>>> print(open('upload_31.txt').read())   # compact mmCIF, C-alpha atoms and all ligand atoms
# COMPACT_ATOMS: atom_id res chain seq x y z
CA MET X 1 77.58 139.40 118.30
CA VAL X 2 79.97 138.87 121.22
CA VAL X 3 83.60 139.94 120.93
CA GLY X 4 86.07 138.48 123.44
CA VAL X 5 89.23 140.56 123.73
CA CYS X 6 92.43 139.01 125.17
CA GLY X 7 95.60 140.66 126.43
CA GLY X 8 97.77 141.44 123.43
CA ILE X 9 98.92 144.64 121.77
CA ALA X 10 96.61 143.85 118.83
CA ALA X 11 93.68 144.58 121.21
CA TYR X 12 93.82 148.15 119.90
CA LYS X 13 92.98 146.87 116.40
CA VAL X 14 89.86 145.17 117.78
CA VAL X 15 88.49 148.64 118.53
CA GLU X 16 88.33 149.09 114.75
CA VAL X 17 86.75 145.65 114.36
CA VAL X 18 83.98 146.65 116.77
CA SER X 19 83.57 150.00 115.01
CA ARG X 20 83.24 148.30 111.61
CA LEU X 21 80.74 145.76 112.96
CA LYS X 22 78.66 148.60 114.43
CA LYS X 23 78.70 150.41 111.08
CA LEU X 24 77.29 147.23 109.51
CA GLY X 25 74.45 147.42 112.00
CA ALA X 26 75.58 144.66 114.38
CA GLU X 27 74.67 144.65 118.06
CA VAL X 28 78.06 144.12 119.72
CA HIS X 29 78.82 143.01 123.28
CA VAL X 30 82.44 143.03 124.39
CA ILE X 31 84.08 140.82 127.01
CA MET X 32 87.61 141.77 128.09
CA THR X 33 90.03 139.56 129.99
CA GLU X 34 91.95 141.15 132.82
CA SER X 35 95.10 141.40 130.71
CA ALA X 36 93.18 142.92 127.79
CA GLN X 37 92.40 145.84 130.08
CA GLU X 38 96.14 146.46 130.44
CA PHE X 39 96.25 147.28 126.72
CA VAL X 40 92.95 149.08 126.04
CA GLY X 41 90.59 150.73 128.49
CA GLU X 42 87.15 149.27 129.06
CA LEU X 43 85.70 152.73 128.35
CA THR X 44 86.97 152.56 124.75
CA PHE X 45 85.06 149.36 124.02
CA ARG X 46 82.01 150.58 125.97
CA THR X 47 81.94 153.71 123.81
CA MET X 48 82.52 151.87 120.52
CA SER X 49 80.01 149.08 121.22
CA GLN X 50 77.49 151.34 122.97
CA ASN X 51 77.02 148.50 125.44
CA PRO X 52 78.38 147.69 128.89
CA VAL X 53 81.64 145.71 128.72
CA ALA X 54 81.85 142.46 130.69
CA THR X 55 85.14 142.19 132.52
CA ASP X 56 84.51 140.38 135.75
CA MET X 57 82.83 137.04 136.50
CA PHE X 58 81.66 138.29 139.87
CA GLY X 59 80.90 141.92 139.12
CA THR X 60 77.35 143.22 139.23
CA PRO X 61 75.89 142.64 135.76
CA ALA X 62 74.30 145.54 133.91
CA ARG X 63 70.95 143.69 134.18
CA TRP X 64 70.00 140.94 136.55
CA GLU X 65 71.00 137.79 134.70
CA VAL X 66 73.81 135.25 134.79
CA GLU X 67 75.97 137.28 132.50
CA HIS X 68 78.19 134.63 130.83
CA VAL X 69 75.10 132.55 130.07
CA SER X 70 73.10 135.48 128.78
CA LEU X 71 75.98 136.64 126.54
CA ALA X 72 76.50 133.06 125.33
CA GLN X 73 72.83 132.84 124.39
CA LYS X 74 72.73 136.29 122.85
CA ALA X 75 75.62 135.60 120.51
CA ASP X 76 74.99 134.73 116.89
CA LEU X 77 78.78 134.74 116.59
CA PHE X 78 81.49 134.65 119.22
CA LEU X 79 84.66 136.37 118.00
CA VAL X 80 87.88 136.06 119.99
CA ALA X 81 90.45 138.69 118.98
CA PRO X 82 93.29 138.95 119.57
CA ALA X 83 93.40 135.34 120.68
CA THR X 84 96.54 134.79 122.75
CA ALA X 85 98.35 131.45 123.06
CA ASN X 86 97.16 131.29 126.66
CA THR X 87 93.47 131.75 125.83
CA LEU X 88 93.70 129.35 122.84
CA ALA X 89 95.19 126.69 125.11
CA LYS X 90 92.49 127.18 127.71
CA MET X 91 89.75 127.10 125.07
CA ALA X 92 91.21 123.89 123.63
CA TYR X 93 91.08 122.21 127.05
CA GLY X 94 87.82 123.60 128.36
CA ILE X 95 89.34 125.71 131.13
CA ALA X 96 86.87 128.38 132.13
CA ASP X 97 88.50 130.69 134.63
CA ASN X 98 87.31 134.04 133.29
CA MET X 99 84.27 135.58 131.67
CA LEU X 100 85.55 135.14 128.10
CA LEU X 101 86.29 131.44 128.59
CA THR X 102 83.05 130.65 130.41
CA THR X 103 81.10 132.37 127.65
CA TYR X 104 83.05 130.36 125.03
CA LEU X 105 82.12 127.08 126.74
CA ALA X 106 78.51 128.09 127.22
CA THR X 107 77.82 129.34 123.72
CA ARG X 108 76.60 127.24 120.80
CA ALA X 109 77.11 130.11 118.36
CA PRO X 110 79.77 129.79 115.63
CA VAL X 111 83.19 130.78 116.96
CA LEU X 112 85.70 132.87 115.04
CA ILE X 113 89.25 133.21 116.33
CA ALA X 114 91.85 135.78 115.24
CA PRO X 115 95.13 134.75 116.87
CA ALA X 116 97.99 137.16 117.51
CA MET X 117 101.26 136.38 119.21
CA ASN X 118 105.00 136.15 118.85
CA LYS X 119 106.07 133.98 115.88
CA ASN X 120 107.71 131.32 118.04
CA MET X 121 104.59 131.07 120.17
CA TYR X 122 102.41 130.87 117.03
CA THR X 123 104.48 128.10 115.46
CA HIS X 124 105.11 126.24 118.73
CA PRO X 125 103.83 122.67 118.30
CA VAL X 126 101.59 123.06 121.35
CA THR X 127 99.89 126.17 119.93
CA VAL X 128 99.60 124.53 116.51
CA GLU X 129 98.00 121.49 118.13
CA ASN X 130 95.62 123.64 120.18
CA MET X 131 94.51 125.53 117.05
CA LYS X 132 94.00 122.24 115.23
CA LYS X 133 91.98 120.89 118.14
CA LEU X 134 89.77 123.98 118.11
CA SER X 135 89.46 123.89 114.34
CA ASP X 136 88.55 120.18 114.38
CA GLY X 137 85.96 121.04 117.02
CA GLY X 138 84.34 123.52 114.65
CA CYS X 139 86.02 126.84 115.48
CA ASN X 140 86.87 129.06 112.53
CA PHE X 141 90.12 130.96 112.24
CA VAL X 142 91.25 134.15 110.60
CA ARG X 143 94.87 133.23 110.27
CA ALA X 144 97.57 135.53 111.57
CA GLY X 145 99.63 137.33 108.95
CA GLU X 146 103.36 137.89 108.59
CA GLY X 147 105.22 141.10 109.25
CA PHE X 148 106.70 143.16 112.02
CA LEU X 149 105.55 141.95 115.40
CA ALA X 150 105.20 144.17 118.43
CA CYS X 151 107.94 142.18 120.21
CA GLY X 152 110.44 143.32 117.54
CA ASP X 153 110.51 140.00 115.64
CA VAL X 154 109.53 139.67 112.02
CA GLY X 155 107.42 136.69 111.01
CA ILE X 156 104.05 135.08 111.40
CA GLY X 157 101.85 136.09 114.31
CA ARG X 158 100.37 139.50 113.39
CA MET X 159 96.64 139.58 113.92
CA ALA X 160 94.72 139.73 110.63
CA GLU X 161 93.62 143.21 109.62
CA PRO X 162 90.24 144.43 110.98
CA ALA X 163 88.66 144.42 107.50
CA GLU X 164 89.57 140.77 107.00
CA ILE X 165 88.24 139.80 110.43
CA VAL X 166 84.96 141.59 109.78
CA ASP X 167 84.66 139.95 106.34
CA ALA X 168 85.22 136.56 107.93
CA ALA X 169 82.64 137.28 110.62
CA VAL X 170 80.05 138.39 108.09
CA ASN X 171 80.74 135.42 105.83
CA LEU X 172 80.36 133.07 108.71
CA ILE X 173 76.95 134.17 109.85
CA ALA X 174 75.65 135.32 106.49
CA CYS X 175 76.56 132.07 104.71
CA GLU X 176 73.98 129.44 104.06
CA LYS X 177 75.51 125.97 104.64
CA ASP X 178 74.30 124.73 101.29
CA LEU X 179 77.44 122.63 100.75
CA ALA X 180 77.19 120.71 104.03
CA GLY X 181 77.94 117.04 103.42
CA LYS X 182 79.58 117.79 100.06
CA ARG X 183 83.21 117.24 99.16
CA VAL X 184 84.75 119.98 97.03
CA LEU X 185 88.13 119.81 95.32
CA VAL X 186 89.72 123.08 94.21
CA THR X 187 92.99 123.61 92.38
CA ALA X 188 94.87 126.89 92.69
CA GLY X 189 98.05 128.60 91.63
CA ALA X 190 100.72 127.87 89.07
CA THR X 191 102.51 124.62 88.32
CA GLN X 192 106.30 124.59 88.00
CA GLU X 193 108.02 122.53 85.29
CA ALA X 194 111.63 121.86 86.17
CA ILE X 195 114.35 122.50 83.58
CA ASP X 196 117.23 121.68 85.91
CA PRO X 197 117.72 121.74 89.69
CA VAL X 198 117.42 125.56 89.83
CA ARG X 199 115.24 126.62 86.88
CA PHE X 200 111.63 126.01 86.00
CA ILE X 201 108.84 127.14 83.68
CA THR X 202 105.83 128.67 85.39
CA ASN X 203 103.22 131.46 85.05
CA HIS X 204 101.86 134.40 87.04
CA SER X 205 99.04 132.70 88.93
CA SER X 206 99.15 133.66 92.61
CA GLY X 207 96.55 131.12 93.73
CA LYS X 208 94.23 133.86 95.07
CA MET X 209 91.22 132.84 92.97
CA GLY X 210 91.44 129.17 93.89
CA VAL X 211 92.11 129.86 97.56
CA ALA X 212 89.06 132.17 97.65
CA ILE X 213 86.92 129.36 96.21
CA ALA X 214 88.28 126.86 98.74
CA ARG X 215 87.57 129.29 101.61
CA ALA X 216 84.04 130.01 100.35
CA ALA X 217 83.29 126.30 99.97
CA LYS X 218 84.51 125.66 103.51
CA LEU X 219 82.37 128.52 104.84
CA ARG X 220 79.38 127.01 103.08
CA GLY X 221 79.89 123.78 104.96
CA ALA X 222 81.80 121.62 102.46
CA GLU X 223 84.70 119.34 103.20
CA VAL X 224 87.37 120.94 101.03
CA VAL X 225 90.64 119.77 99.55
CA LEU X 226 92.84 122.38 97.92
CA VAL X 227 95.50 121.14 95.50
CA HIS X 228 97.78 124.09 94.98
CA GLY X 229 101.05 125.01 93.35
CA LYS X 230 103.90 126.49 95.37
CA SER X 231 102.46 129.68 96.81
CA SER X 232 102.98 131.96 99.76
CA LEU X 233 99.22 132.13 100.36
CA PRO X 234 98.12 130.27 103.46
CA ALA X 235 95.40 127.69 102.86
CA PRO X 236 92.14 128.61 104.60
CA TYR X 237 91.84 127.04 108.00
CA GLY X 238 90.07 123.71 108.00
CA VAL X 239 90.83 123.07 104.35
CA GLU X 240 93.01 120.05 103.49
CA ALA X 241 95.90 121.51 101.50
CA VAL X 242 98.03 119.46 99.10
CA CYS X 243 101.05 121.28 97.71
CA VAL X 244 102.31 120.13 94.31
CA GLY X 245 105.03 121.23 91.91
CA SER X 246 104.54 120.06 88.33
CA ALA X 247 101.41 119.55 86.24
CA GLN X 248 102.01 115.79 86.46
CA GLU X 249 102.04 116.02 90.28
CA MET X 250 98.85 118.10 90.21
CA CYS X 251 97.30 115.56 87.84
CA ASP X 252 98.13 112.66 90.20
CA ALA X 253 96.85 114.55 93.26
CA VAL X 254 93.59 115.56 91.54
CA LEU X 255 92.75 112.34 89.69
CA SER X 256 93.32 110.18 92.78
CA ARG X 257 90.86 112.32 94.80
CA ALA X 258 88.32 113.17 92.11
CA PRO X 259 86.10 110.06 92.42
CA LYS X 260 85.16 111.08 95.97
CA CYS X 261 84.30 114.68 95.10
CA ASP X 262 80.91 116.25 94.38
CA ILE X 263 82.26 119.50 92.92
CA ILE X 264 85.65 120.05 91.29
CA VAL X 265 86.85 123.58 90.47
CA LYS X 266 89.98 123.85 88.36
CA ALA X 267 91.17 127.40 89.01
CA ALA X 268 94.87 126.49 88.73
CA ALA X 269 96.93 127.73 85.82
CA VAL X 270 98.49 124.48 84.63
CA ALA X 271 101.48 124.45 82.29
CA ASP X 272 100.54 122.85 79.00
CA TYR X 273 104.14 121.84 78.30
CA ALA X 274 107.11 120.63 80.34
CA PRO X 275 110.75 120.09 79.38
CA GLU X 276 111.15 116.71 77.71
CA SER X 277 113.91 115.84 80.13
CA VAL X 278 115.07 117.46 83.35
CA SER X 279 118.79 117.95 83.60
CA THR X 280 120.14 116.48 86.82
CA GLN X 281 122.86 119.17 86.91
CA THR X 282 122.49 122.91 86.41
CA ILE X 283 122.66 123.71 82.71
CA LYS X 284 125.87 125.71 82.20
CA LYS X 285 125.56 128.82 80.09
CA SER X 286 127.68 129.21 77.00
CA ASP X 287 127.81 131.75 74.14
CA ALA X 288 125.56 129.56 72.00
CA ASP X 289 121.77 129.82 72.03
CA LEU X 290 119.90 127.11 73.89
CA SER X 291 116.74 125.26 72.89
CA ILE X 292 114.72 123.21 75.28
CA ALA X 293 112.48 120.52 73.83
CA LEU X 294 109.03 120.52 75.44
CA LYS X 295 106.51 117.73 75.72
CA ARG X 296 102.74 117.98 76.30
CA ASN X 297 101.55 117.79 79.86
CA PRO X 298 98.42 115.82 80.69
CA ASP X 299 95.24 117.89 80.47
CA ILE X 300 93.81 117.31 83.93
CA LEU X 301 90.46 118.96 83.26
CA GLU X 302 89.97 116.94 80.11
CA SER X 303 90.63 113.69 82.01
CA LEU X 304 88.19 114.79 84.72
CA GLY X 305 85.59 115.52 82.04
CA LYS X 306 86.07 112.10 80.41
CA ASN X 307 85.70 110.30 83.74
CA LYS X 308 82.99 112.54 85.22
CA LEU X 309 80.71 110.65 87.60
CA ALA X 310 76.94 111.01 87.58
CA GLY X 311 75.99 114.06 89.64
CA GLN X 312 79.54 115.37 89.78
CA VAL X 313 79.92 119.07 88.86
CA LEU X 314 83.00 120.16 86.96
CA VAL X 315 84.01 123.83 86.81
CA GLY X 316 86.87 124.96 84.58
CA PHE X 317 88.58 128.30 84.26
CA CYS X 318 89.75 129.77 81.01
CA MET X 319 92.30 132.47 80.41
CA GLU X 320 92.80 133.89 76.95
CA THR X 321 94.17 137.04 75.38
CA GLN X 322 92.01 136.68 72.24
CA ASP X 323 88.47 135.50 71.43
CA LEU X 324 87.87 134.77 75.09
CA LEU X 325 84.24 133.69 74.96
CA ALA X 326 84.54 131.60 71.80
CA ASN X 327 87.56 129.78 73.20
CA ALA X 328 85.89 129.36 76.60
CA GLN X 329 82.84 127.81 74.91
CA LYS X 330 85.10 125.37 73.03
CA LYS X 331 86.83 124.38 76.28
CA LEU X 332 83.50 123.98 78.09
CA GLU X 333 82.39 121.45 75.47
CA LYS X 334 85.72 119.70 74.84
CA LYS X 335 86.43 119.21 78.54
CA ASN X 336 82.84 118.20 79.40
CA CYS X 337 82.50 120.94 82.04
CA ASP X 338 79.27 122.16 83.62
CA LEU X 339 80.62 125.70 83.98
CA MET X 340 83.53 127.53 82.40
CA VAL X 341 84.72 130.71 84.07
CA ALA X 342 86.33 132.91 81.43
CA ASN X 343 88.66 135.64 82.60
CA SER X 344 90.49 138.05 80.40
CA LEU X 345 94.11 139.06 80.74
CA THR X 346 93.42 142.45 79.26
CA GLU X 347 90.84 143.80 81.75
CA PRO X 348 92.18 146.00 84.55
CA GLY X 349 91.56 144.48 88.00
CA ALA X 350 91.15 140.98 86.58
CA GLY X 351 93.15 137.79 86.21
CA PHE X 352 96.55 137.05 87.67
CA GLY X 353 97.64 138.28 91.05
CA CYS X 354 95.04 140.94 91.82
CA ASP X 355 92.39 140.73 94.53
CA THR X 356 89.51 141.32 92.11
CA ASN X 357 88.35 139.60 88.96
CA THR X 358 86.02 140.18 86.02
CA VAL X 359 84.64 137.02 84.47
CA THR X 360 81.94 135.58 82.29
CA ILE X 361 80.51 132.31 83.54
CA LEU X 362 79.45 130.05 80.67
CA LYS X 363 76.96 127.33 81.48
CA LYS X 364 76.43 124.00 79.74
CA ASN X 365 72.87 125.03 78.82
CA GLY X 366 74.18 128.02 76.84
CA GLU X 367 73.39 130.69 79.45
CA LYS X 368 76.03 133.27 80.29
CA LEU X 369 76.47 135.27 83.45
CA THR X 370 78.64 138.36 83.66
CA PRO X 371 79.01 139.60 87.23
CA GLU X 372 80.55 143.04 87.67
CA ASN X 373 84.20 143.37 88.71
CA MET X 374 84.37 142.24 92.33
CA SER X 375 86.65 140.71 94.94
CA LYS X 376 87.75 137.15 94.25
CA GLU X 377 86.16 136.24 97.60
CA ALA X 378 82.73 137.50 96.47
CA LEU X 379 83.12 135.96 93.02
CA ALA X 380 83.98 132.61 94.61
CA HIS X 381 80.51 132.54 96.19
CA ILE X 382 78.82 133.31 92.86
CA ILE X 383 80.74 130.51 91.13
CA LEU X 384 79.81 128.05 93.88
CA SER X 385 76.15 129.11 93.77
CA GLU X 386 76.14 128.38 90.04
CA ALA X 387 77.86 125.04 90.65
CA VAL X 388 75.20 124.09 93.22
CA LYS X 389 72.48 124.83 90.64
CA CYS X 390 74.10 122.38 88.19
CA LYS X 391 73.45 119.40 90.46
O1 LIG X 401 95.73 132.62 90.82
P1 LIG X 401 95.32 134.06 90.56
O2 LIG X 401 96.51 134.99 90.53
O3 LIG X 401 94.23 134.51 91.48
O4 LIG X 401 94.71 134.13 89.09
C1 LIG X 401 93.55 133.39 88.79
C2 LIG X 401 93.64 132.72 87.40
C3 LIG X 401 93.62 133.79 86.37
C4 LIG X 401 94.91 131.90 87.27
C5 LIG X 401 92.42 131.75 87.28
O5 LIG X 401 91.28 132.45 87.50
C6 LIG X 401 92.38 131.09 85.91
O6 LIG X 401 91.95 131.62 84.93
N1 LIG X 401 92.86 129.82 85.87
C7 LIG X 401 92.93 129.01 84.70
C8 LIG X 401 94.08 129.45 83.81
C9 LIG X 401 94.31 128.46 82.71
O7 LIG X 401 95.15 127.62 82.83
O8 LIG X 401 93.47 128.55 81.74
P2 LIG X 401 93.51 127.59 80.43
O9 LIG X 401 92.55 128.22 79.51
O10 LIG X 401 94.91 127.38 79.97
O11 LIG X 401 92.99 126.20 80.95
C10 LIG X 401 91.61 125.84 80.93
C11 LIG X 401 91.29 124.91 82.08
O12 LIG X 401 91.98 123.68 81.91
C12 LIG X 401 91.66 125.44 83.45
O13 LIG X 401 90.65 125.10 84.36
C13 LIG X 401 92.94 124.70 83.77
O14 LIG X 401 93.08 124.47 85.19
C14 LIG X 401 92.75 123.38 83.05
N2 LIG X 401 93.99 122.75 82.57
C15 LIG X 401 94.79 123.39 81.68
C16 LIG X 401 95.93 122.76 81.22
C17 LIG X 401 96.23 121.45 81.69
N3 LIG X 401 97.32 120.84 81.27
N4 LIG X 401 95.41 120.86 82.56
C18 LIG X 401 94.30 121.48 83.02
O15 LIG X 401 93.56 120.93 83.83
>>> encode(input="upload_31.txt", output="structure tokens")
Amino acid sequence: MVVGVCGGIAAYKVVEVVSRLKKLGAEVHVIMTESAQEFVGELTFRTMSQNPVATDMFGTPARWEVEHVSLAQKADLFLVAPATANTLAKMAYGIADNMLLTTYLATRAPVLIAPAMNKNMYTHPVTVENMKKLSDGGCNFVRAGEGFLACGDVGIGRMAEPAEIVDAAVNLIACEKDLAGKRVLVTAGATQEAIDPVRFITNHSSGKMGVAIARAAKLRGAEVVLVHGKSSLPAPYGVEAVCVGSAQEMCDAVLSRAPKCDIIVKAAAVADYAPESVSTQTIKKSDADLSIALKRNPDILESLGKNKLAGQVLVGFCMETQDLLANAQKKLEKKNCDLMVANSLTEPGAGFGCDTNTVTILKKNGEKLTPENMSKEALAHIILSEAVKCK
């Protein structure tokens, strides 16, 4: 694996990335730009990677070979971290005026980019366009996070944490592209049913499970559309994200796209009821109690099941506090699903909001699968593998 380090304060975090990759048994070769060496010494990366560090296009290579070409060929993954706005721009336009950039142009290995910069630079239309250009050209991104930035600002632009970058790297090269050429639709998060202009009915879904499935599907080569409720979670890079509010909006967004999809995963927690009418003005409080009449929302999964196309795979989720498996089985049949993923609200480390989940996967043929408690990211791959088998 080749790791290209650019000049940003987050370069120090890439030392941990290299260390973690080494612990996983990876052979790591580091390239540092000139400005990267202002932040971290070459010796640090040489020690961590246990390999010579390439810094100079015209230096004497450790062995006699054209170094940027040999590194480009060696790479089974080219990771750029922290990727500065400057390097992203040059990568987007094919400028190759240092070792990192020449290696990028010369390699045909998958590319993973972990940007880090000031929030205004990150959200600048030029940077956004450059990232889109790179993404459209096949580069993968570990999106920057939000928080305190080294420049003193607070906002988006922090490099993703080393663990996340390493996970993304491993996923990228360890993933079989078994969904290449497939279109996958995933729903995630909670719907919001307006009561008046300031109030709504919703639930605790964070969208993590659905987003993990969308990311996994993208990593496995699918074209992915993610229809999600209002959520602070960023959509995985390269995934088409459609943000909706109410169940009716989700229904419209899903049903209009469904006929073109090979696999549909309904991980969203959809409100079954919505206020019969939405007050145009804020409802004023008084001393009297208040009742709100509710009407049934459309059942999106049921409609999908009724209109399922030949060869299309439909995966539902089920959340219950009682008789989980019996109710999940009923939903599997009633909604004409191929798989029903049943998760309990009562298990620790499962369900809403957390990063892990415990589920039972019910299949149409009566088989059941109960993976151990694991990260939603890992579970997403298991669910997709089961979905692929249904075809
Ligand atoms: O988002 P996280 O915080 O990561 O949490 C994940 C999760 C717990 C929300 C998720 O894994 C999950 O269980 N989602 C489904 C919750 C749910 O709505 O379950 P249900 O049993 O009410 O619905 C069954 C299925 O029908 C679901 O696939 C649901 O999307 C779908 N449905 C429900 C109602 C409705 N009106 N339309 C639907 O399509």
>>> atom_distance(input="upload_31.txt", atom1="CA of Leu301 (chain X)", atom2="CA of Pro371 (chain X)")
23.9 Å
>>> closest_residue(input="upload_31.txt", among="X:Lys218, X:Lys119, X:Lys13, X:Lys331", to="Glu164 (chain X)", atoms="only C-alpha atoms")
X:Lys13
>>> closest_atom_pairs(input="upload_31.txt", of="chain X", to="ligand LIG 401 (chain X)", cutoff="6 Å", atoms="all atoms listed in the file", output="Markdown table")
| residue | atom | partner | partner_atom | distance |
| --- | --- | --- | --- | --- |
| X:Gly189 | CA | X:LIG401 | O1 | 4.7 |
| X:Ser205 | CA | X:LIG401 | O2 | 3.8 |
| X:Ser206 | CA | X:LIG401 | O2 | 3.6 |
| X:Gly207 | CA | X:LIG401 | O1 | 3.4 |
| X:Lys208 | CA | X:LIG401 | O3 | 3.6 |
| X:Met209 | CA | X:LIG401 | O3 | 3.8 |
| X:Lys266 | CA | X:LIG401 | O13 | 4.2 |
| X:Ala267 | CA | X:LIG401 | N1 | 4.3 |
| X:Ala268 | CA | X:LIG401 | O14 | 4.5 |
| X:Ala269 | CA | X:LIG401 | O7 | 3.5 |
| X:Val270 | CA | X:LIG401 | C16 | 4.6 |
| X:Ala271 | CA | X:LIG401 | N3 | 5.6 |
| X:Asp272 | CA | X:LIG401 | N3 | 4.4 |
| X:Asn297 | CA | X:LIG401 | N3 | 5.4 |
| X:Pro298 | CA | X:LIG401 | N3 | 5.2 |
| X:Asp299 | CA | X:LIG401 | N4 | 3.6 |
| X:Ile300 | CA | X:LIG401 | O15 | 3.6 |
| X:Leu301 | CA | X:LIG401 | O15 | 3.7 |
| X:Gly316 | CA | X:LIG401 | O13 | 3.8 |
| X:Phe317 | CA | X:LIG401 | O13 | 3.8 |
| X:Cys318 | CA | X:LIG401 | O9 | 3.5 |
| X:Met319 | CA | X:LIG401 | O8 | 4.3 |
| X:Asn343 | CA | X:LIG401 | O6 | 5.7 |
| X:Gly351 | CA | X:LIG401 | C3 | 4.0 |
| X:Phe352 | CA | X:LIG401 | O2 | 3.5 |
| X:Gly353 | CA | X:LIG401 | O2 | 3.5 |
>>> write_last_selection(input="upload_31.txt", atoms="C-alpha atoms", output="PDB file, in the frame of the given file")
ATOM      1  CA  GLY X 189      98.050 128.600  91.630  1.00  0.00           C
ATOM      2  CA  SER X 205      99.040 132.700  88.930  1.00  0.00           C
ATOM      3  CA  SER X 206      99.150 133.660  92.610  1.00  0.00           C
ATOM      4  CA  GLY X 207      96.550 131.120  93.730  1.00  0.00           C
ATOM      5  CA  LYS X 208      94.230 133.860  95.070  1.00  0.00           C
ATOM      6  CA  MET X 209      91.220 132.840  92.970  1.00  0.00           C
ATOM      7  CA  LYS X 266      89.980 123.850  88.360  1.00  0.00           C
ATOM      8  CA  ALA X 267      91.170 127.400  89.010  1.00  0.00           C
ATOM      9  CA  ALA X 268      94.870 126.490  88.730  1.00  0.00           C
ATOM     10  CA  ALA X 269      96.930 127.730  85.820  1.00  0.00           C
ATOM     11  CA  VAL X 270      98.490 124.480  84.630  1.00  0.00           C
ATOM     12  CA  ALA X 271     101.480 124.450  82.290  1.00  0.00           C
ATOM     13  CA  ASP X 272     100.540 122.850  79.000  1.00  0.00           C
ATOM     14  CA  ASN X 297     101.550 117.790  79.860  1.00  0.00           C
ATOM     15  CA  PRO X 298      98.420 115.820  80.690  1.00  0.00           C
ATOM     16  CA  ASP X 299      95.240 117.890  80.470  1.00  0.00           C
ATOM     17  CA  ILE X 300      93.810 117.310  83.930  1.00  0.00           C
ATOM     18  CA  LEU X 301      90.460 118.960  83.260  1.00  0.00           C
ATOM     19  CA  GLY X 316      86.870 124.960  84.580  1.00  0.00           C
ATOM     20  CA  PHE X 317      88.580 128.300  84.260  1.00  0.00           C
ATOM     21  CA  CYS X 318      89.750 129.770  81.010  1.00  0.00           C
ATOM     22  CA  MET X 319      92.300 132.470  80.410  1.00  0.00           C
ATOM     23  CA  ASN X 343      88.660 135.640  82.600  1.00  0.00           C
ATOM     24  CA  GLY X 351      93.150 137.790  86.210  1.00  0.00           C
ATOM     25  CA  PHE X 352      96.550 137.050  87.670  1.00  0.00           C
ATOM     26  CA  GLY X 353      97.640 138.280  91.050  1.00  0.00           C
TER      27      GLY X 353
END
>>> residues_around(input="upload_31.txt", residues="Ala222 (chain X)", least_positions_apart="5", cutoff="9 Å", atoms="all atoms listed in the file", output="MDAnalysis selection string")
chainID X and resid 177:184 216:217
>>> closest_residue(input="upload_31.txt", among="X:Thr346, X:Thr103, X:Thr187, X:Ser256", to="Val227 (chain X)", atoms="all atoms listed in the file")
X:Thr187
>>> atom_distance(input="upload_31.txt", atom1="CA of Val225 (chain X)", atom2="CA of Arg257 (chain X)")
8.8 Å
>>> closest_atom_pairs(input="upload_31.txt", of="region 132-191 of chain X", to="region 246-254 of chain X", cutoff="9 Å", atoms="all atoms listed in the file", output="Markdown table")
| residue | atom | partner | partner_atom | distance |
| --- | --- | --- | --- | --- |
| X:Leu185 | CA | X:Val254 | CA | 7.9 |
| X:Val186 | CA | X:Val254 | CA | 8.9 |
| X:Thr187 | CA | X:Val254 | CA | 8.1 |
| X:Ala190 | CA | X:Ser246 | CA | 8.7 |
| X:Thr191 | CA | X:Ser246 | CA | 5.0 |
>>> residues_around(input="upload_31.txt", residues="Phe141 (chain X)", least_positions_apart="3", cutoff="9 Å", atoms="all atoms listed in the file", output="count of residues only")
12
>>> atom_distance(input="upload_31.txt", atom1="CA of Tyr12 (chain X)", atom2="CA of Leu88 (chain X)")
19.0 Å
>>> closest_residue(input="upload_31.txt", among="X:Met117, X:Ala10, X:Ala350, X:Val244", to="Val154 (chain X)", atoms="only C-alpha atoms")
X:Met117
>>> closest_residue(input="upload_31.txt", among="X:Gln312, X:Ser49, X:Thr358, X:Asn336", to="Ala387 (chain X)", atoms="only C-alpha atoms")
X:Gln312
>>> residues_near_point(input="upload_31.txt", point="(81.6, 142.4, 129.1)", cutoff="6 Å", atoms="all atoms listed in the file", output="JSON, numbers by chain")
{"X": [30, 31, 53, 54, 55]}
>>> closest_residue(input="upload_31.txt", among="X:Lys306, X:Leu345, X:Gly152, X:Glu27", to="His204 (chain X)", atoms="only C-alpha atoms")
X:Leu345
>>> axis_aligned_box(input="upload_31.txt", around="region 7-21 of chain X", padding_each_side="3 Å", output="JSON")
{"center_x": 89.8, "center_y": 145.3, "center_z": 119.0, "size_x": 24.2, "size_y": 15.3, "size_z": 20.8}
>>> closest_residue(input="upload_31.txt", among="X:Pro52, X:Pro110, X:Gly7, X:Gly137", to="Val40 (chain X)", atoms="only C-alpha atoms")
X:Gly7
>>> residues_around(input="upload_31.txt", residues="Met340 (chain X)", least_positions_apart="3", cutoff="10 Å", atoms="all atoms listed in the file", output="PyMOL selection string")
chain X and resi 265-266+314-318+325+328-333+335-337+343+359-364+368+383
>>> residues_around(input="upload_31.txt", residues="Ala75 (chain X)", least_positions_apart="2", cutoff="12 Å", atoms="only C-alpha atoms", output="PyMOL selection string")
chain X and resi 1-4+26-31+68-73+77-79+103-104+106-112+173
>>> residues_around(input="upload_31.txt", residues="Ser35 (chain X)", least_positions_apart="3", cutoff="8 Å", atoms="only C-alpha atoms", output="list in words")
Cys6, Gly7, Gly8, Met32, Glu38 and Phe39 of chain X
